[in-house]
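What follows is the content of query34.pdb, which has PDB, C-alpha atoms:
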```pdb
ATOM      1  CA  LYS A   1     -30.370  61.849 -93.949
ATOM      2  CA  ALA A   2     -32.775  64.379 -92.504
ATOM      3  CA  GLY A   3     -33.947  63.885 -88.940
ATOM      4  CA  VAL A   4     -37.394  64.260 -87.464
ATOM      5  CA  THR A   5     -38.824  67.665 -88.266
ATOM      6  CA  GLN A   6     -41.398  69.336 -86.087
ATOM      7  CA  THR A   7     -43.177  72.539 -86.978
ATOM      8  CA  PRO A   8     -43.610  75.103 -85.683
ATOM      9  CA  ARG A   9     -40.878  75.274 -83.032
ATOM     10  CA  TYR A  10     -42.751  77.770 -80.898
ATOM     11  CA  LEU A  11     -46.410  78.639 -80.514
ATOM     12  CA  ILE A  12     -48.369  80.972 -78.305
ATOM     13  CA  LYS A  13     -52.104  80.386 -78.080
ATOM     14  CA  THR A  14     -54.965  81.694 -75.989
ATOM     15  CA  ARG A  15     -57.094  79.557 -73.698
ATOM     16  CA  GLY A  16     -60.011  78.030 -75.549
ATOM     17  CA  GLN A  17     -58.294  78.029 -78.915
ATOM     18  CA  GLN A  18     -57.174  74.937 -80.756
ATOM     19  CA  VAL A  19     -53.760  74.119 -82.156
ATOM     20  CA  THR A  20     -52.270  71.717 -84.697
ATOM     21  CA  LEU A  21     -48.690  70.531 -84.516
ATOM     22  CA  SER A  22     -46.886  68.783 -87.339
ATOM     23  CA  CYS A  23     -44.241  66.080 -87.437
ATOM     24  CA  SER A  24     -42.342  64.723 -90.425
ATOM     25  CA  PRO A  25     -40.565  61.471 -89.547
ATOM     26  CA  ILE A  26     -37.281  60.235 -90.892
ATOM     27  CA  SER A  27     -37.679  59.002 -94.436
ATOM     28  CA  GLY A  28     -38.775  55.375 -94.419
ATOM     29  CA  HIS A  29     -40.011  55.424 -90.835
ATOM     30  CA  ARG A  30     -43.638  54.446 -90.496
ATOM     31  CA  SER A  31     -44.152  54.755 -86.752
ATOM     32  CA  VAL A  32     -44.717  58.155 -85.174
ATOM     33  CA  SER A  33     -45.241  58.727 -81.466
ATOM     34  CA  TRP A  34     -46.068  61.897 -79.587
ATOM     35  CA  TYR A  35     -45.021  62.878 -76.069
ATOM     36  CA  GLN A  36     -45.816  65.791 -73.799
ATOM     37  CA  GLN A  37     -43.025  67.129 -71.605
ATOM     38  CA  THR A  38     -43.762  69.392 -68.644
ATOM     39  CA  PRO A  39     -41.723  70.267 -65.546
ATOM     40  CA  GLY A  40     -44.385  68.786 -63.279
ATOM     41  CA  GLN A  41     -45.359  65.591 -65.095
ATOM     42  CA  GLY A  42     -42.205  64.885 -67.046
ATOM     43  CA  LEU A  43     -42.393  62.982 -70.320
ATOM     44  CA  GLN A  44     -45.763  61.409 -70.959
ATOM     45  CA  PHE A  45     -46.847  59.307 -73.913
ATOM     46  CA  LEU A  46     -49.741  60.714 -75.914
ATOM     47  CA  PHE A  47     -50.247  58.295 -78.800
ATOM     48  CA  GLU A  48     -48.558  56.301 -81.523
ATOM     49  CA  TYR A  49     -49.450  55.884 -85.153
ATOM     50  CA  PHE A  50     -48.274  53.234 -87.538
ATOM     51  CA  SER A  51     -49.384  53.045 -91.169
ATOM     52  CA  GLU A  52     -52.097  55.639 -90.528
ATOM     53  CA  THR A  53     -53.590  53.680 -87.625
ATOM     54  CA  GLN A  54     -53.471  54.667 -83.990
ATOM     55  CA  ARG A  55     -51.894  51.737 -82.138
ATOM     56  CA  ASN A  56     -51.420  53.046 -78.642
ATOM     57  CA  LYS A  57     -52.947  55.861 -76.670
ATOM     58  CA  GLY A  58     -51.860  57.423 -73.418
ATOM     59  CA  ASN A  59     -54.013  58.717 -70.612
ATOM     60  CA  PHE A  60     -54.976  62.105 -72.005
ATOM     61  CA  PRO A  61     -58.406  63.650 -72.482
ATOM     62  CA  GLY A  62     -60.194  63.499 -75.801
ATOM     63  CA  ARG A  63     -59.155  67.081 -76.525
ATOM     64  CA  PHE A  64     -55.865  65.581 -77.660
ATOM     65  CA  SER A  65     -56.077  63.842 -81.001
ATOM     66  CA  GLY A  66     -53.807  62.909 -83.825
ATOM     67  CA  ARG A  67     -53.603  61.434 -87.247
ATOM     68  CA  GLN A  68     -51.078  60.092 -89.686
ATOM     69  CA  PHE A  69     -51.042  60.528 -93.416
ATOM     70  CA  SER A  70     -50.071  58.069 -96.111
ATOM     71  CA  ASN A  71     -46.586  59.628 -96.337
ATOM     72  CA  SER A  72     -46.161  58.930 -92.579
ATOM     73  CA  ARG A  73     -46.297  62.595 -91.627
ATOM     74  CA  SER A  74     -48.328  63.113 -88.491
ATOM     75  CA  GLU A  75     -50.271  65.892 -86.887
ATOM     76  CA  MET A  76     -51.587  66.266 -83.399
ATOM     77  CA  ASN A  77     -54.414  68.563 -82.458
ATOM     78  CA  VAL A  78     -55.376  69.993 -79.120
ATOM     79  CA  SER A  79     -58.784  71.607 -78.870
ATOM     80  CA  THR A  80     -60.126  73.975 -76.224
ATOM     81  CA  LEU A  81     -56.671  74.767 -74.913
ATOM     82  CA  GLU A  82     -56.079  75.034 -71.195
ATOM     83  CA  LEU A  83     -53.213  76.690 -69.358
ATOM     84  CA  GLY A  84     -52.014  73.254 -68.301
ATOM     85  CA  ASP A  85     -51.471  72.282 -71.924
ATOM     86  CA  SER A  86     -48.399  74.500 -71.996
ATOM     87  CA  ALA A  87     -45.581  72.077 -72.674
ATOM     88  CA  LEU A  88     -42.914  70.868 -75.028
ATOM     89  CA  TYR A  89     -44.489  68.411 -77.457
ATOM     90  CA  LEU A  90     -42.061  65.880 -78.832
ATOM     91  CA  CYS A  91     -42.502  63.661 -81.827
ATOM     92  CA  ALA A  92     -40.511  60.461 -82.254
ATOM     93  CA  SER A  93     -40.212  58.264 -85.301
ATOM     94  CA  SER A  94     -39.241  54.605 -85.494
ATOM     95  CA  LEU A  95     -38.429  52.392 -88.423
ATOM     96  CA  VAL A  96     -40.527  49.388 -87.576
ATOM     97  CA  ALA A  97     -43.693  48.492 -85.791
ATOM     98  CA  GLY A  98     -42.064  47.889 -82.449
ATOM     99  CA  GLY A  99     -41.823  44.961 -80.113
ATOM    100  CA  MET A 100     -38.059  44.574 -80.426
ATOM    101  CA  GLY A 101     -36.650  47.523 -78.556
ATOM    102  CA  THR A 102     -36.633  49.692 -81.636
ATOM    103  CA  GLU A 103     -34.840  53.007 -81.305
ATOM    104  CA  ALA A 104     -37.014  56.119 -81.334
ATOM    105  CA  PHE A 105     -35.585  59.237 -82.988
ATOM    106  CA  PHE A 106     -36.878  62.471 -81.532
ATOM    107  CA  GLY A 107     -37.510  65.833 -83.094
ATOM    108  CA  GLN A 108     -36.582  69.088 -81.385
ATOM    109  CA  GLY A 109     -40.139  69.597 -80.251
ATOM    110  CA  THR A 110     -42.772  72.297 -80.416
ATOM    111  CA  ARG A 111     -42.908  74.603 -77.428
ATOM    112  CA  LEU A 112     -46.579  75.486 -76.847
ATOM    113  CA  THR A 113     -47.456  78.283 -74.473
ATOM    114  CA  VAL A 114     -51.101  78.840 -73.571
ATOM    115  CA  VAL A 115     -51.949  82.262 -72.166
TER
ATOM    116  CA  ALA B   1     -48.651  49.784 -65.172
ATOM    117  CA  GLN B   2     -44.988  50.037 -65.946
ATOM    118  CA  SER B   3     -43.051  52.632 -63.958
ATOM    119  CA  VAL B   4     -39.497  53.903 -64.014
ATOM    120  CA  THR B   5     -37.732  55.527 -61.088
ATOM    121  CA  GLN B   6     -34.648  57.677 -61.378
ATOM    122  CA  LEU B   7     -33.052  58.428 -58.033
ATOM    123  CA  GLY B   8     -32.016  62.060 -57.759
ATOM    124  CA  SER B   9     -33.509  64.764 -59.936
ATOM    125  CA  HIS B  10     -30.206  66.665 -59.856
ATOM    126  CA  VAL B  11     -26.637  65.404 -59.731
ATOM    127  CA  SER B  12     -23.538  67.567 -59.482
ATOM    128  CA  VAL B  13     -20.154  66.134 -60.422
ATOM    129  CA  SER B  14     -16.705  67.571 -60.902
ATOM    130  CA  GLU B  15     -15.069  67.433 -64.291
ATOM    131  CA  GLY B  16     -13.130  64.180 -64.480
ATOM    132  CA  ALA B  17     -15.178  62.459 -61.794
ATOM    133  CA  LEU B  18     -17.399  59.417 -62.163
ATOM    134  CA  VAL B  19     -20.944  59.984 -63.340
ATOM    135  CA  LEU B  20     -23.496  57.537 -61.912
ATOM    136  CA  LEU B  21     -27.187  57.881 -62.692
ATOM    137  CA  ARG B  22     -29.601  55.383 -61.206
ATOM    138  CA  CYS B  23     -32.636  53.820 -62.847
ATOM    139  CA  ASN B  24     -35.018  51.151 -61.585
ATOM    140  CA  TYR B  25     -38.032  49.700 -63.354
ATOM    141  CA  SER B  26     -41.081  48.028 -61.908
ATOM    142  CA  SER B  27     -42.172  45.209 -64.208
ATOM    143  CA  SER B  28     -41.618  41.539 -63.394
ATOM    144  CA  VAL B  29     -40.809  40.840 -67.026
ATOM    145  CA  PRO B  30     -37.634  42.732 -67.915
ATOM    146  CA  PRO B  31     -38.499  45.367 -70.480
ATOM    147  CA  TYR B  32     -36.379  46.861 -73.203
ATOM    148  CA  LEU B  33     -34.285  49.557 -71.530
ATOM    149  CA  PHE B  34     -33.002  52.854 -72.848
ATOM    150  CA  TRP B  35     -31.077  55.905 -71.757
ATOM    151  CA  TYR B  36     -31.693  59.188 -73.530
ATOM    152  CA  VAL B  37     -30.002  62.583 -73.126
ATOM    153  CA  GLN B  38     -31.626  65.958 -73.648
ATOM    154  CA  TYR B  39     -29.706  69.189 -74.093
ATOM    155  CA  PRO B  40     -31.466  72.531 -73.516
ATOM    156  CA  ASN B  41     -34.162  73.297 -76.078
ATOM    157  CA  GLN B  42     -33.486  70.044 -77.884
ATOM    158  CA  GLY B  43     -35.158  66.717 -78.376
ATOM    159  CA  LEU B  44     -33.925  63.452 -76.933
ATOM    160  CA  GLN B  45     -30.921  61.546 -78.221
ATOM    161  CA  LEU B  46     -30.369  57.857 -77.574
ATOM    162  CA  LEU B  47     -27.253  57.078 -75.537
ATOM    163  CA  LEU B  48     -27.654  53.307 -75.385
ATOM    164  CA  LYS B  49     -30.176  50.516 -75.092
ATOM    165  CA  TYR B  50     -30.494  46.987 -73.791
ATOM    166  CA  THR B  51     -32.614  44.459 -75.619
ATOM    167  CA  THR B  52     -30.936  41.099 -75.126
ATOM    168  CA  GLY B  53     -27.544  39.506 -74.693
ATOM    169  CA  ALA B  54     -24.639  41.059 -72.799
ATOM    170  CA  THR B  55     -25.862  42.910 -69.746
ATOM    171  CA  LEU B  56     -23.151  45.581 -69.918
ATOM    172  CA  VAL B  57     -24.063  47.925 -72.737
ATOM    173  CA  LYS B  58     -21.761  50.542 -74.191
ATOM    174  CA  GLY B  59     -23.150  53.683 -75.728
ATOM    175  CA  ILE B  60     -22.051  56.933 -77.247
ATOM    176  CA  ASN B  61     -19.892  59.592 -75.603
ATOM    177  CA  GLY B  62     -18.229  57.083 -73.250
ATOM    178  CA  PHE B  63     -21.393  56.093 -71.397
ATOM    179  CA  GLU B  64     -22.285  52.560 -70.424
ATOM    180  CA  ALA B  65     -25.051  50.883 -68.460
ATOM    181  CA  GLU B  66     -25.500  47.527 -66.796
ATOM    182  CA  PHE B  67     -28.735  45.609 -66.717
ATOM    183  CA  LYS B  68     -29.241  43.770 -63.425
ATOM    184  CA  LYS B  69     -32.360  41.660 -63.467
ATOM    185  CA  SER B  70     -32.190  40.747 -59.785
ATOM    186  CA  GLU B  71     -32.139  44.427 -58.863
ATOM    187  CA  THR B  72     -34.516  45.569 -61.649
ATOM    188  CA  SER B  73     -31.950  48.238 -62.407
ATOM    189  CA  PHE B  74     -30.235  49.810 -65.394
ATOM    190  CA  HIS B  75     -27.775  52.347 -63.996
ATOM    191  CA  LEU B  76     -25.814  54.635 -66.301
ATOM    192  CA  THR B  77     -22.150  55.423 -65.742
ATOM    193  CA  LYS B  78     -19.314  57.362 -67.287
ATOM    194  CA  PRO B  79     -15.836  57.100 -65.772
ATOM    195  CA  SER B  80     -14.804  60.707 -66.346
ATOM    196  CA  ALA B  81     -17.234  63.592 -66.716
ATOM    197  CA  HIS B  82     -16.739  66.302 -69.314
ATOM    198  CA  MET B  83     -18.275  69.742 -69.307
ATOM    199  CA  SER B  84     -20.230  68.717 -72.394
ATOM    200  CA  ASP B  85     -22.043  66.054 -70.335
ATOM    201  CA  ALA B  86     -24.130  68.727 -68.625
ATOM    202  CA  ALA B  87     -27.655  67.846 -69.710
ATOM    203  CA  GLU B  88     -30.751  66.010 -68.557
ATOM    204  CA  TYR B  89     -30.773  62.234 -68.726
ATOM    205  CA  PHE B  90     -33.811  60.033 -69.009
ATOM    206  CA  CYS B  91     -34.171  56.332 -68.431
ATOM    207  CA  ALA B  92     -36.968  54.758 -70.436
ATOM    208  CA  VAL B  93     -38.533  51.340 -70.878
ATOM    209  CA  SER B  94     -40.590  49.640 -73.530
ATOM    210  CA  ASP B  95     -42.675  46.604 -72.683
ATOM    211  CA  ARG B  96     -41.539  43.157 -73.742
ATOM    212  CA  PRO B  97     -43.334  41.900 -75.719
ATOM    213  CA  ALA B  98     -44.586  45.170 -77.062
ATOM    214  CA  ALA B  99     -47.434  46.039 -79.330
ATOM    215  CA  GLY B 100     -45.722  49.239 -80.338
ATOM    216  CA  ASN B 101     -42.974  51.704 -79.624
ATOM    217  CA  LYS B 102     -44.459  53.306 -76.521
ATOM    218  CA  LEU B 103     -41.793  54.471 -74.095
ATOM    219  CA  THR B 104     -42.335  55.028 -70.389
ATOM    220  CA  PHE B 105     -39.854  57.532 -68.987
ATOM    221  CA  GLY B 106     -38.389  58.162 -65.605
ATOM    222  CA  GLY B 107     -38.518  61.644 -64.151
ATOM    223  CA  GLY B 108     -35.090  62.582 -65.443
ATOM    224  CA  THR B 109     -31.813  63.517 -63.782
ATOM    225  CA  ARG B 110     -30.207  66.846 -64.518
ATOM    226  CA  VAL B 111     -26.412  66.654 -64.467
ATOM    227  CA  LEU B 112     -24.299  69.668 -63.585
ATOM    228  CA  VAL B 113     -20.568  69.405 -64.258
ATOM    229  CA  LYS B 114     -18.318  71.648 -62.189
ATOM    230  CA  PRO B 115     -14.940  72.709 -63.558
TER
END
```
Before anything else, please render the file you have as structure tokens.
Amino acid sequence: KAGVTQTPRYLIKTRGQQVTLSCSPISGHRSVSWYQQTPGQGLQFLFEYFSETQRNKGNFPGRFSGRQFSNSRSEMNVSTLELGDSALYLCASSLVAGGMGTEAFFGQGTRLTVV
Amino acid sequence: AQSVTQLGSHVSVSEGALVLLRCNYSSSVPPYLFWYVQYPNQGLQLLLKYTTGATLVKGINGFEAEFKKSETSFHLTKPSAHMSDAAEYFCAVSDRPAAGNKLTFGGGTRVLVKP
């Protein structure tokens, strides 16, 4: 059974550009969450999608957005990139809607560097 | 807002020695509790979780954790460290009841194992 797949693994972008990251969850999983990991702020929740609907959102500016498709694949977009957006972006998929301590399965992440 | 505190950002242990990683949460209602491990350039892997029932939880790779409600703690232990245990460990919580799968993470503890 394939795990969570994130593409690309590495990205280098210039300030002011925008970027789109992709996440394919484990087959059958309908919940996809995104996290930002930085040395200074640690792991921070960005948002969660379930059945194409955003259910939770973290405390990030509107430049960070996401969506989920009918096949549960998800993308996140960051517009007008800033140097501080350099981070490892992790996607996690879960089987069910949550509320019962459901396990989250993480992808290997996309390492974004903004120069 | 929920918060998770991991005491010690770095821990150094000798091979064969006890590994003890501390985690405390802030909420008055005990959340769902998780420990994840992250190896370099990898995503997060679940070690164990507590949802309900027995307060001593056994996980993979010989790790276990004990939920103590009175101390709002969920410390992780392993009786005998192996070189392969060198990694970063994250304690995480999910609200109970939860509207989704959002995880709040502690700051992480990096474990160094000395031969």
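Nearest residue to A:Lys13 among A:Ile26, A:Val78, A:Ala104, A:Leu95 is A:Val78, counting only C-alpha atoms.
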Inset, instruction - Define the interface residues of chain A facing chain B as those within 8 Å, counting only C-alpha atoms, and report them as number ranges by chain. - result: A: 31, 33, 41-45, 47-48, 55-56, 90, 94, 97-109
Would you compute an axis-aligned box for stretch 96-110 of chain A, covering every atom listed for it in the file with 6 Å of margin on each side, and report centre and edge lengths in Å to one decimal as lines of an AutoDock Vina configuration file?
```
center_x = -39.3
center_y = 58.4
center_z = -83.1
size_x = 20.9
size_y = 39.7
size_z = 21.0
```
Legend entry - Target residues per the PyMOL selection byres ((chain B and resi 55) around 9), formatted as a ChimeraX atom specification: /B:50,52-54,56-57,65-68
Inset, instruction - Return as a list in words the set of residues that the PyMOL selection byres ((chain B and resi 73) around 10) yields on the displayed structure. - result: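 After applying the PyMOL selection byres ((chain B and resi 73) around 10), what remains is Val4, Thr5, Gln6, Arg22, Cys23, Asn24, Tyr25, Ser26, Pro30, Leu33, Ala65, Glu66, Phe67, Lys68, Lys69, Ser70, Glu71, Thr72, Phe74, His75 and Leu76 of chain B.
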Inset, instruction - Please measure the separation of atom CA of A:Gln54 and atom CA of A:Ser79, giving the value in Å to one decimal. - result: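 If I compute the distance from atom CA of A:Gln54 to atom CA of A:Ser79, I get 18.5 Å.
When atom CA of B:Val19 is paired with atom CA of B:Tyr39, their separation reads 16.6 Å.
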Inset, instruction - Taking the file above as input, evaluate the PyMOL selection byres ((chain B and resi 2) around 6) and report the hits as a PyMOL selection string. - result: chain B and resi 1+3+26-27
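Across the structure, atom CA of A:Thr113 and atom CA of A:Asp85 are spaced 7.7 Å apart.
With all atoms listed in the file as the basis for measurement, A:Ser51 is the residue among A:Thr14, A:Ser51, A:Thr20, A:Ser93 that approaches A:Asn71 most closely.
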Inset, instruction - Go through A:Thr53, A:Ser86, A:Ser65, A:Gln18 one by one, measure the shortest atom-to-atom distance of each to A:Val32 using all atoms listed in the file, and give the residue with the smallest value. - result: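 Among the listed residues, the smallest separation from A:Val32 belongs to A:Thr53.
Each of B:Leu7, B:Ile60, B:Leu47, B:Ala17 was compared to B:Met83 using only C-alpha atoms, and B:Ala17 turns out to be the nearest.
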